[in-house]
2 protein chains.
Amino acid sequence: MSDPILHEDPRSGNCYKIKLTAALLGLPLATRQYDILAGETRTPEFLANVNPNGRIPVLEIDDRFLPESNAACWYLAGDSALIPRDRFAQAEMLRWMFFEQNSHEPNIATLRFWLHFVGEAQLSPQQKAQMMAKRIAGCDALASMDRHLAKHAWFVGGAVSLADIALFAYTHTAEEGGFGLGDYPSIGAWLDRMRGLPGFIPMQ
Amino acid sequence: MSDPILHEDPRSGNCYKIKLTAALLGLPLATRQYDILAGETRTPEFLANVNPNGRIPVLEIDDRFLPESNAACWYLAGDSALIPRDRFAQAEMLRWMFFEQNSHEPNIATLRFWLHFVGEAQLSPQQKAQMMAKRIAGCDALASMDRHLAKHAWFVGGAVSLADIALFAYTHTAEEGGFGLGDYPSIGAWLDRMRGLPGFIPMQ
C-alpha cells in the first residue's frame, strides 16, 4: 500500500483540511498540485483520471479516487482519536461537518474565492447578485459557531475532532472574504487553540 | 431509553430522510410537527429548547438534541447494514452525503421550497437573483448522480446505504422545483429501485 496522494490547489481550504488532518495524525501524504484559476482541473486528463466533476480536493488511495474534503478527512482519521467512538458524539461531530458543507463553506469560502482570488470587478452579474445572501448566511453560520464555542472549548466533547478541522479551514481565512471575526470572540479563542495543537501546520 | 423523537415539518425532504431511515430499519420514531412557513420553529420555546438556529429536523434522543438530517440518519443507522463497514466504502458513502448537503440540497431543495411552497410571485429580489445559479448548479448535481448511476445500481457498493436515502429525498421531488428528471434516465431507474425496497415509505 503506497502513501495516499492529495490532488489539490494549495489556496483551497477544502484541500488544507486534509493536509491538517494528516499533519495532526503524523501521517504521510503526497500531493499533486493544480491551479484552479488556470483550469487545470478541467483538462480531459483530469476529468478522465481523477474526478469527472472537475473538482478538487480528491484523495487517491491505491488507485481509488475519493472526492469531498470531509470524506477524505474521515478516511484518513480512521480509528484515531480525531473521531469520537461514542455513538452520539460521533453523530454530533458529523452534524458540524454537514453544517460546514451546507451553511458555512458555500457562503464563507465562496465569498473569499470571489473577493480574494477572482476580484470583485471580475465577478459576473449573477455572482454579484448572490453576494448579499451569502454575506447574511455566512454571518449566521459564524454566529452559530460562536454561540457553541462560548460554552465549549471544542465542537464535540473535550478534545479536537474532525469537526474542528473542517470548520477551521474557512473560518481562519474568513476575513479574506470580508467577514470581520472581531464580532465573534469565542471563535477567536478557538482559532488560537487550534493553532496551538501539536503537529499543527498553517495553510500555506 | 425512550424512543427517539423527530422534530419535523412533513413537507421537508431533510425530515423525510430520517423517517425513511427509521422505516427501512424497522425502528420506532415519534414525531412532533411544526409549520415552518408559519414560523413555528422560530418561537422562543423552540429556540430555547430544541434548536437555537431555528431549524428542523432535530432528532431528540433522551433529552439530547441532534440537528442536521444526515447526522440524524447516521445516529439511527448505528451498526446496521445501511452503513458499510469497509473503511473506503464508508468514506465513499459520506462523500455522497457531503455532496448532497453541498451541491444538491442548497440548489434543488431550495428551488422546490421557493417555487412550490413560497411561490415565485412572493420571492424577494435577492431570492430571484439566485435562481439561475441554483438552477445550473442543481442540473450539475443531477448530472453527476446520473453519470454514477449509469454504472452502479446504488451509490456505494452493491446495496442501499444512507447515501441513497440522503439523495432520494430531494431528488424524487426535484420536479416540484422545476427540474425535469426525464433528462436523467439512470436516476429514474434508481428512484424505482428505492421505492421497491422492503419497508419503504413515501414522503407524505
# chains A, B, ... in the order shown; residues from 1 in each chain; ligands from 1

$ residues_around --residues "stretch 98-106 of chain B" --least-positions-apart "3" --cutoff "9 Å" --atoms "only C-alpha atoms" --output "ChimeraX atom specification"
/A:68-71,97-103,105-106 /B:14,70,93-95,109-111,134,137-142,163,166-167,170-171

$ write_last_selection --atoms "C-alpha atoms" --output "short mmCIF file (atom, residue, chain, number, x, y, z; two decimals), in the first residue's frame"
data_model
loop_
_atom_site.label_atom_id
_atom_site.label_comp_id
_atom_site.auth_asym_id
_atom_site.auth_seq_id
_atom_site.Cartn_x
_atom_site.Cartn_y
_atom_site.Cartn_z
CA GLU A 68 -15.18 15.64 -0.98
CA SER A 69 -12.87 17.10 1.63
CA ASN A 70 -14.70 15.92 4.73
CA ALA A 71 -14.98 12.35 3.40
CA MET A 97 -19.24 18.68 9.37
CA PHE A 98 -22.55 18.68 7.46
CA PHE A 99 -23.23 22.18 8.80
CA GLU A 100 -19.83 23.18 7.44
CA GLN A 101 -20.67 21.93 3.95
CA ASN A 102 -24.24 23.27 3.93
CA SER A 103 -24.21 26.56 5.88
CA GLU A 105 -18.48 26.73 3.06
CA PRO A 106 -20.98 27.78 0.34
CA ASN B 14 -34.49 16.63 5.18
CA ASN B 70 -27.64 13.36 7.64
CA MET B 93 -20.88 6.88 1.45
CA LEU B 94 -20.03 10.05 3.38
CA ARG B 95 -18.65 11.54 0.17
CA ALA B 109 -34.36 21.70 -2.30
CA THR B 110 -34.21 25.49 -2.20
CA LEU B 111 -35.81 25.91 -5.64
CA LYS B 134 -29.20 27.41 -8.33
CA ALA B 137 -25.77 24.01 -10.04
CA GLY B 138 -28.77 21.73 -9.45
CA CYS B 139 -28.57 20.38 -13.01
CA ASP B 140 -24.84 19.77 -12.49
CA ALA B 141 -25.60 17.77 -9.33
CA LEU B 142 -28.23 15.66 -11.11
CA ALA B 163 -26.09 7.85 0.66
CA ALA B 166 -29.97 11.20 1.64
CA LEU B 167 -30.04 11.73 -2.13
CA TYR B 170 -34.85 15.89 -2.72
CA THR B 171 -34.26 14.06 -5.99
#

$ residues_around --residues "B:Phe65" --least-positions-apart "2" --cutoff "12 Å" --atoms "only C-alpha atoms" --output "number ranges by chain"
A: 88-89, 91-92, 95; B: 4-7, 46-52, 55-63, 67-69, 71-72, 75

$ atom_distance --atom1 "atom CA of B:Ala23" --atom2 "atom CA of B:Ala150"
27.2 Å

$ select_by_dssp --residues "stretch 7-165 of chain B" --states "strand (DSSP E)" --output "mmCIF file with all heavy atoms, in the first residue's frame"
data_model
loop_
_atom_site.group_PDB
_atom_site.id
_atom_site.type_symbol
_atom_site.label_atom_id
_atom_site.label_comp_id
_atom_site.auth_asym_id
_atom_site.auth_seq_id
_atom_site.Cartn_x
_atom_site.Cartn_y
_atom_site.Cartn_z
ATOM 1 N N HIS B 7 -38.302 16.123 15.536
ATOM 2 C CA HIS B 7 -38.965 17.424 15.409
ATOM 3 C C HIS B 7 -38.919 17.790 13.928
ATOM 4 O O HIS B 7 -37.828 17.957 13.367
ATOM 5 C CB HIS B 7 -38.252 18.471 16.265
ATOM 6 C CG HIS B 7 -38.295 18.153 17.735
ATOM 7 N ND1 HIS B 7 -39.230 18.683 18.584
ATOM 8 C CD2 HIS B 7 -37.550 17.299 18.488
ATOM 9 C CE1 HIS B 7 -39.043 18.196 19.812
ATOM 10 N NE2 HIS B 7 -38.029 17.353 19.782
ATOM 11 N N GLU B 8 -40.092 17.926 13.303
ATOM 12 C CA GLU B 8 -40.122 17.984 11.838
ATOM 13 C C GLU B 8 -41.251 18.828 11.267
ATOM 14 O O GLU B 8 -42.230 19.130 11.943
ATOM 15 C CB GLU B 8 -40.308 16.553 11.302
ATOM 16 C CG GLU B 8 -41.673 15.972 11.667
ATOM 17 C CD GLU B 8 -42.256 15.011 10.626
ATOM 18 O OE1 GLU B 8 -41.682 14.863 9.527
ATOM 19 O OE2 GLU B 8 -43.313 14.413 10.903
ATOM 20 N N ALA B 30 -40.936 8.610 17.171
ATOM 21 C CA ALA B 30 -42.044 9.524 17.440
ATOM 22 C C ALA B 30 -41.798 10.824 16.678
ATOM 23 O O ALA B 30 -40.665 11.109 16.286
ATOM 24 C CB ALA B 30 -42.121 9.802 18.934
ATOM 25 N N THR B 31 -42.857 11.612 16.439
ATOM 26 C CA THR B 31 -42.660 12.889 15.739
ATOM 27 C C THR B 31 -43.393 14.018 16.453
ATOM 28 O O THR B 31 -44.418 13.809 17.108
ATOM 29 C CB THR B 31 -43.171 12.837 14.273
ATOM 30 O OG1 THR B 31 -44.561 12.494 14.278
ATOM 31 C CG2 THR B 31 -42.409 11.820 13.444
ATOM 32 N N ARG B 32 -42.835 15.220 16.335
ATOM 33 C CA ARG B 32 -43.503 16.467 16.751
ATOM 34 C C ARG B 32 -43.488 17.358 15.526
ATOM 35 O O ARG B 32 -42.429 17.584 14.941
ATOM 36 C CB ARG B 32 -42.737 17.185 17.863
ATOM 37 C CG ARG B 32 -42.517 16.389 19.123
ATOM 38 C CD ARG B 32 -43.710 16.414 20.055
ATOM 39 N NE ARG B 32 -43.417 15.610 21.248
ATOM 40 C CZ ARG B 32 -43.529 14.279 21.320
ATOM 41 N NH1 ARG B 32 -43.912 13.582 20.253
ATOM 42 N NH2 ARG B 32 -43.260 13.636 22.436
ATOM 43 N N GLN B 33 -44.659 17.877 15.150
ATOM 44 C CA GLN B 33 -44.728 18.606 13.884
ATOM 45 C C GLN B 33 -44.828 20.117 14.060
ATOM 46 O O GLN B 33 -45.471 20.612 14.988
ATOM 47 C CB GLN B 33 -45.874 18.035 13.052
ATOM 48 C CG GLN B 33 -45.561 16.548 12.764
ATOM 49 C CD GLN B 33 -46.551 15.872 11.876
ATOM 50 O OE1 GLN B 33 -47.632 16.383 11.624
ATOM 51 N NE2 GLN B 33 -46.175 14.697 11.390
ATOM 52 N N VAL B 58 -34.637 18.130 13.848
ATOM 53 C CA VAL B 58 -33.803 17.875 15.018
ATOM 54 C C VAL B 58 -34.247 16.524 15.565
ATOM 55 O O VAL B 58 -35.449 16.287 15.732
ATOM 56 C CB VAL B 58 -33.982 18.976 16.090
ATOM 57 C CG1 VAL B 58 -33.203 18.619 17.354
ATOM 58 C CG2 VAL B 58 -33.544 20.335 15.558
ATOM 59 N N LEU B 59 -33.308 15.658 15.830
ATOM 60 C CA LEU B 59 -33.615 14.348 16.424
ATOM 61 C C LEU B 59 -33.334 14.430 17.915
ATOM 62 O O LEU B 59 -32.228 14.785 18.328
ATOM 63 C CB LEU B 59 -32.748 13.262 15.772
ATOM 64 C CG LEU B 59 -33.073 11.816 16.186
ATOM 65 C CD1 LEU B 59 -34.468 11.403 15.737
ATOM 66 C CD2 LEU B 59 -32.025 10.847 15.619
ATOM 67 N N GLU B 60 -34.362 14.135 18.706
ATOM 68 C CA GLU B 60 -34.225 14.179 20.177
ATOM 69 C C GLU B 60 -34.022 12.758 20.684
ATOM 70 O O GLU B 60 -34.833 11.871 20.418
ATOM 71 C CB GLU B 60 -35.483 14.805 20.786
ATOM 72 C CG GLU B 60 -35.444 14.867 22.303
ATOM 73 C CD GLU B 60 -36.706 15.492 22.902
ATOM 74 O OE1 GLU B 60 -37.518 16.090 22.149
ATOM 75 O OE2 GLU B 60 -36.897 15.344 24.128
ATOM 76 N N ILE B 61 -32.917 12.563 21.409
ATOM 77 C CA ILE B 61 -32.583 11.239 21.927
ATOM 78 C C ILE B 61 -32.295 11.389 23.411
ATOM 79 O O ILE B 61 -31.263 11.943 23.802
ATOM 80 C CB ILE B 61 -31.319 10.682 21.210
ATOM 81 C CG1 ILE B 61 -31.552 10.635 19.703
ATOM 82 C CG2 ILE B 61 -30.941 9.309 21.745
ATOM 83 C CD1 ILE B 61 -30.350 11.038 18.895
ATOM 84 N N ARG B 64 -31.330 14.790 24.543
ATOM 85 C CA ARG B 64 -30.242 15.428 23.803
ATOM 86 C C ARG B 64 -30.751 15.712 22.398
ATOM 87 O O ARG B 64 -31.512 14.917 21.844
ATOM 88 C CB ARG B 64 -29.006 14.530 23.768
ATOM 89 C CG ARG B 64 -28.427 14.334 25.172
ATOM 90 C CD ARG B 64 -27.107 13.593 25.122
ATOM 91 N NE ARG B 64 -27.274 12.229 24.619
ATOM 92 C CZ ARG B 64 -26.267 11.351 24.521
ATOM 93 N NH1 ARG B 64 -25.049 11.704 24.887
ATOM 94 N NH2 ARG B 64 -26.486 10.127 24.080
ATOM 95 N N PHE B 65 -30.309 16.817 21.816
ATOM 96 C CA PHE B 65 -30.889 17.292 20.558
ATOM 97 C C PHE B 65 -29.821 17.305 19.463
ATOM 98 O O PHE B 65 -28.774 17.918 19.628
ATOM 99 C CB PHE B 65 -31.481 18.687 20.759
ATOM 100 C CG PHE B 65 -32.671 18.676 21.688
ATOM 101 C CD1 PHE B 65 -32.501 18.727 23.068
ATOM 102 C CD2 PHE B 65 -33.961 18.557 21.185
ATOM 103 C CE1 PHE B 65 -33.598 18.692 23.929
ATOM 104 C CE2 PHE B 65 -35.066 18.520 22.030
ATOM 105 C CZ PHE B 65 -34.881 18.587 23.409
ATOM 106 N N LEU B 66 -30.130 16.629 18.370
ATOM 107 C CA LEU B 66 -29.167 16.478 17.265
ATOM 108 C C LEU B 66 -29.740 17.098 15.997
ATOM 109 O O LEU B 66 -30.638 16.537 15.372
ATOM 110 C CB LEU B 66 -28.900 14.988 17.058
ATOM 111 C CG LEU B 66 -27.878 14.592 15.981
ATOM 112 C CD1 LEU B 66 -26.483 15.098 16.343
ATOM 113 C CD2 LEU B 66 -27.858 13.061 15.825
ATOM 114 N N PRO B 67 -29.237 18.273 15.570
ATOM 115 C CA PRO B 67 -29.673 18.834 14.284
ATOM 116 C C PRO B 67 -28.903 18.194 13.131
ATOM 117 O O PRO B 67 -27.987 17.402 13.360
ATOM 118 C CB PRO B 67 -29.292 20.325 14.390
ATOM 119 C CG PRO B 67 -28.760 20.529 15.774
ATOM 120 C CD PRO B 67 -28.340 19.178 16.285
#

$ residues_around --residues "B:Pro84" --least-positions-apart "5" --cutoff "9 Å" --atoms "only C-alpha atoms" --output "VMD selection string"
chain B and resid 79 89 to 90 93 156 to 157 161

$ residues_around --residues "stretch 114-120 of chain B" --least-positions-apart "6" --cutoff "8 Å" --atoms "only C-alpha atoms" --output "PDB file with all heavy atoms, in the first residue's frame"
ATOM      1  N   GLU B 176     -40.850  19.370  -8.512  1.00  0.00           N
ATOM      2  CA  GLU B 176     -41.559  20.470  -7.832  1.00  0.00           C
ATOM      3  C   GLU B 176     -40.717  21.748  -7.804  1.00  0.00           C
ATOM      4  O   GLU B 176     -41.235  22.832  -7.548  1.00  0.00           O
ATOM      5  CB  GLU B 176     -41.939  20.060  -6.400  1.00  0.00           C
ATOM      6  CG  GLU B 176     -42.960  18.919  -6.378  1.00  0.00           C
ATOM      7  CD  GLU B 176     -43.273  18.399  -4.980  1.00  0.00           C
ATOM      8  OE1 GLU B 176     -42.645  18.876  -4.004  1.00  0.00           O
ATOM      9  OE2 GLU B 176     -44.132  17.512  -4.861  1.00  0.00           O
ATOM     10  N   GLY B 177     -39.436  21.614  -8.056  1.00  0.00           N
ATOM     11  CA  GLY B 177     -38.558  22.780  -8.149  1.00  0.00           C
ATOM     12  C   GLY B 177     -38.241  23.129  -9.591  1.00  0.00           C
ATOM     13  O   GLY B 177     -37.363  23.955  -9.851  1.00  0.00           O
ATOM     14  N   GLY B 178     -38.945  22.485 -10.529  1.00  0.00           N
ATOM     15  CA  GLY B 178     -38.766  22.828 -11.933  1.00  0.00           C
ATOM     16  C   GLY B 178     -37.658  22.070 -12.646  1.00  0.00           C
ATOM     17  O   GLY B 178     -37.280  22.430 -13.763  1.00  0.00           O
TER      18      GLY B 178
END

$ closest_residue --among "A:Leu123, A:Ile108, A:Ile201, A:Ala129" --to "chain B" --atoms "only C-alpha atoms"
A:Ala129

$ atom_distance --atom1 "atom CA of B:Pro185" --atom2 "atom CA of B:Phe155"
15.3 Å

$ select_by_dssp --residues "chain B" --states "alpha helix (DSSP H)" --output "JSON, numbers by chain"
{"B": [13, 14, 15, 16, 17, 18, 19, 20, 21, 22, 23, 24, 25, 44, 45, 46, 47, 48, 49, 69, 70, 71, 72, 73, 74, 75, 76, 77, 87, 88, 89, 90, 91, 92, 93, 94, 95, 96, 97, 98, 99, 110, 111, 112, 125, 126, 127, 128, 129, 130, 131, 132, 133, 134, 135, 136, 137, 138, 139, 140, 141, 142, 143, 144, 145, 146, 147, 148, 149, 162, 163, 164, 165, 166, 167, 168, 169, 170, 171, 185, 186, 187, 188, 189, 190, 191, 192, 193, 194, 195]}

$ closest_residue --among "B:Ile136, B:Met203, B:Met1, B:Ile165" --to "B:Asn107" --atoms "only C-alpha atoms"
B:Ile136

$ residues_around --residues "A:Leu20" --least-positions-apart "4" --cutoff "12 Å" --atoms "only C-alpha atoms" --output "number ranges by chain"
A: 6, 10, 13-16, 24-29, 69-70, 72-73, 76-77, 82, 161-162, 164-169, 194-195, 197-204

$ atom_distance --atom1 "atom CA of A:Trp74" --atom2 "atom CA of A:Arg87"
15.3 Å

$ closest_residue --among "B:Thr43, B:Thr21, B:Gln130, B:Ser186" --to "chain A" --atoms "only C-alpha atoms"
B:Gln130

$ decode --residues "stretch 41-66 of chain A" --atoms "N, CA and C atoms" --output "PDB file, in the first residue's frame"
ATOM      1  N   THR A  41      -7.989  21.732 -13.450  1.00  0.00           N
ATOM      2  CA  THR A  41      -8.816  20.593 -13.031  1.00  0.00           C
ATOM      3  C   THR A  41      -9.962  20.349 -14.028  1.00  0.00           C
ATOM      4  N   ARG A  42      -9.875  21.024 -15.188  1.00  0.00           N
ATOM      5  CA  ARG A  42     -10.916  20.829 -16.220  1.00  0.00           C
ATOM      6  C   ARG A  42     -10.317  20.233 -17.484  1.00  0.00           C
ATOM      7  N   THR A  43      -9.084  19.784 -17.417  1.00  0.00           N
ATOM      8  CA  THR A  43      -8.460  19.185 -18.608  1.00  0.00           C
ATOM      9  C   THR A  43      -9.061  17.798 -18.846  1.00  0.00           C
ATOM     10  N   PRO A  44      -9.042  17.319 -20.094  1.00  0.00           N
ATOM     11  CA  PRO A  44      -9.558  15.964 -20.371  1.00  0.00           C
ATOM     12  C   PRO A  44      -8.873  14.907 -19.498  1.00  0.00           C
ATOM     13  N   GLU A  45      -7.576  15.057 -19.238  1.00  0.00           N
ATOM     14  CA  GLU A  45      -6.854  14.079 -18.420  1.00  0.00           C
ATOM     15  C   GLU A  45      -7.404  14.045 -16.996  1.00  0.00           C
ATOM     16  N   PHE A  46      -7.584  15.241 -16.409  1.00  0.00           N
ATOM     17  CA  PHE A  46      -8.090  15.304 -15.038  1.00  0.00           C
ATOM     18  C   PHE A  46      -9.495  14.703 -14.962  1.00  0.00           C
ATOM     19  N   LEU A  47     -10.362  15.084 -15.909  1.00  0.00           N
ATOM     20  CA  LEU A  47     -11.751  14.597 -15.888  1.00  0.00           C
ATOM     21  C   LEU A  47     -11.796  13.076 -16.069  1.00  0.00           C
ATOM     22  N   ALA A  48     -10.900  12.559 -16.902  1.00  0.00           N
ATOM     23  CA  ALA A  48     -10.917  11.106 -17.169  1.00  0.00           C
ATOM     24  C   ALA A  48     -10.299  10.310 -16.033  1.00  0.00           C
ATOM     25  N   ASN A  49      -9.260  10.858 -15.381  1.00  0.00           N
ATOM     26  CA  ASN A  49      -8.480  10.044 -14.446  1.00  0.00           C
ATOM     27  C   ASN A  49      -8.681  10.369 -12.975  1.00  0.00           C
ATOM     28  N   VAL A  50      -9.050  11.608 -12.672  1.00  0.00           N
ATOM     29  CA  VAL A  50      -9.097  11.999 -11.247  1.00  0.00           C
ATOM     30  C   VAL A  50     -10.533  12.219 -10.770  1.00  0.00           C
ATOM     31  N   ASN A  51     -11.243  13.137 -11.430  1.00  0.00           N
ATOM     32  CA  ASN A  51     -12.614  13.436 -10.989  1.00  0.00           C
ATOM     33  C   ASN A  51     -13.422  13.970 -12.168  1.00  0.00           C
ATOM     34  N   PRO A  52     -14.451  13.240 -12.607  1.00  0.00           N
ATOM     35  CA  PRO A  52     -15.273  13.702 -13.738  1.00  0.00           C
ATOM     36  C   PRO A  52     -16.011  15.003 -13.439  1.00  0.00           C
ATOM     37  N   ASN A  53     -16.100  15.405 -12.155  1.00  0.00           N
ATOM     38  CA  ASN A  53     -16.728  16.678 -11.815  1.00  0.00           C
ATOM     39  C   ASN A  53     -15.774  17.853 -11.972  1.00  0.00           C
ATOM     40  N   GLY A  54     -14.484  17.579 -12.185  1.00  0.00           N
ATOM     41  CA  GLY A  54     -13.526  18.668 -12.338  1.00  0.00           C
ATOM     42  C   GLY A  54     -13.240  19.431 -11.058  1.00  0.00           C
ATOM     43  N   ARG A  55     -13.404  18.762  -9.926  1.00  0.00           N
ATOM     44  CA  ARG A  55     -13.207  19.468  -8.658  1.00  0.00           C
ATOM     45  C   ARG A  55     -12.074  18.868  -7.848  1.00  0.00           C
ATOM     46  N   ILE A  56     -11.470  19.682  -7.032  1.00  0.00           N
ATOM     47  CA  ILE A  56     -10.543  19.209  -6.020  1.00  0.00           C
ATOM     48  C   ILE A  56     -11.085  19.644  -4.664  1.00  0.00           C
ATOM     49  N   PRO A  57     -10.653  19.062  -3.571  1.00  0.00           N
ATOM     50  CA  PRO A  57      -9.658  18.003  -3.449  1.00  0.00           C
ATOM     51  C   PRO A  57     -10.191  16.633  -3.868  1.00  0.00           C
ATOM     52  N   VAL A  58      -9.247  15.770  -4.251  1.00  0.00           N
ATOM     53  CA  VAL A  58      -9.519  14.345  -4.425  1.00  0.00           C
ATOM     54  C   VAL A  58      -8.384  13.602  -3.728  1.00  0.00           C
ATOM     55  N   LEU A  59      -8.713  12.651  -2.900  1.00  0.00           N
ATOM     56  CA  LEU A  59      -7.704  11.841  -2.230  1.00  0.00           C
ATOM     57  C   LEU A  59      -7.576  10.521  -2.984  1.00  0.00           C
ATOM     58  N   GLU A  60      -6.346  10.237  -3.437  1.00  0.00           N
ATOM     59  CA  GLU A  60      -6.099   8.997  -4.179  1.00  0.00           C
ATOM     60  C   GLU A  60      -5.490   7.970  -3.235  1.00  0.00           C
ATOM     61  N   ILE A  61      -6.131   6.815  -3.144  1.00  0.00           N
ATOM     62  CA  ILE A  61      -5.688   5.758  -2.244  1.00  0.00           C
ATOM     63  C   ILE A  61      -5.585   4.478  -3.057  1.00  0.00           C
ATOM     64  N   ASP A  62      -4.354   4.054  -3.372  1.00  0.00           N
ATOM     65  CA  ASP A  62      -4.161   2.828  -4.150  1.00  0.00           C
ATOM     66  C   ASP A  62      -5.042   2.799  -5.399  1.00  0.00           C
ATOM     67  N   ASP A  63      -4.928   3.822  -6.219  1.00  0.00           N
ATOM     68  CA  ASP A  63      -5.662   3.927  -7.494  1.00  0.00           C
ATOM     69  C   ASP A  63      -7.167   4.095  -7.357  1.00  0.00           C
ATOM     70  N   ARG A  64      -7.649   4.347  -6.156  1.00  0.00           N
ATOM     71  CA  ARG A  64      -9.063   4.688  -5.995  1.00  0.00           C
ATOM     72  C   ARG A  64      -9.132   6.174  -5.637  1.00  0.00           C
ATOM     73  N   PHE A  65     -10.174   6.853  -6.111  1.00  0.00           N
ATOM     74  CA  PHE A  65     -10.233   8.307  -6.005  1.00  0.00           C
ATOM     75  C   PHE A  65     -11.438   8.717  -5.159  1.00  0.00           C
ATOM     76  N   LEU A  66     -11.174   9.499  -4.135  1.00  0.00           N
ATOM     77  CA  LEU A  66     -12.213   9.904  -3.185  1.00  0.00           C
ATOM     78  C   LEU A  66     -12.350  11.425  -3.186  1.00  0.00           C
TER      79      LEU A  66
END
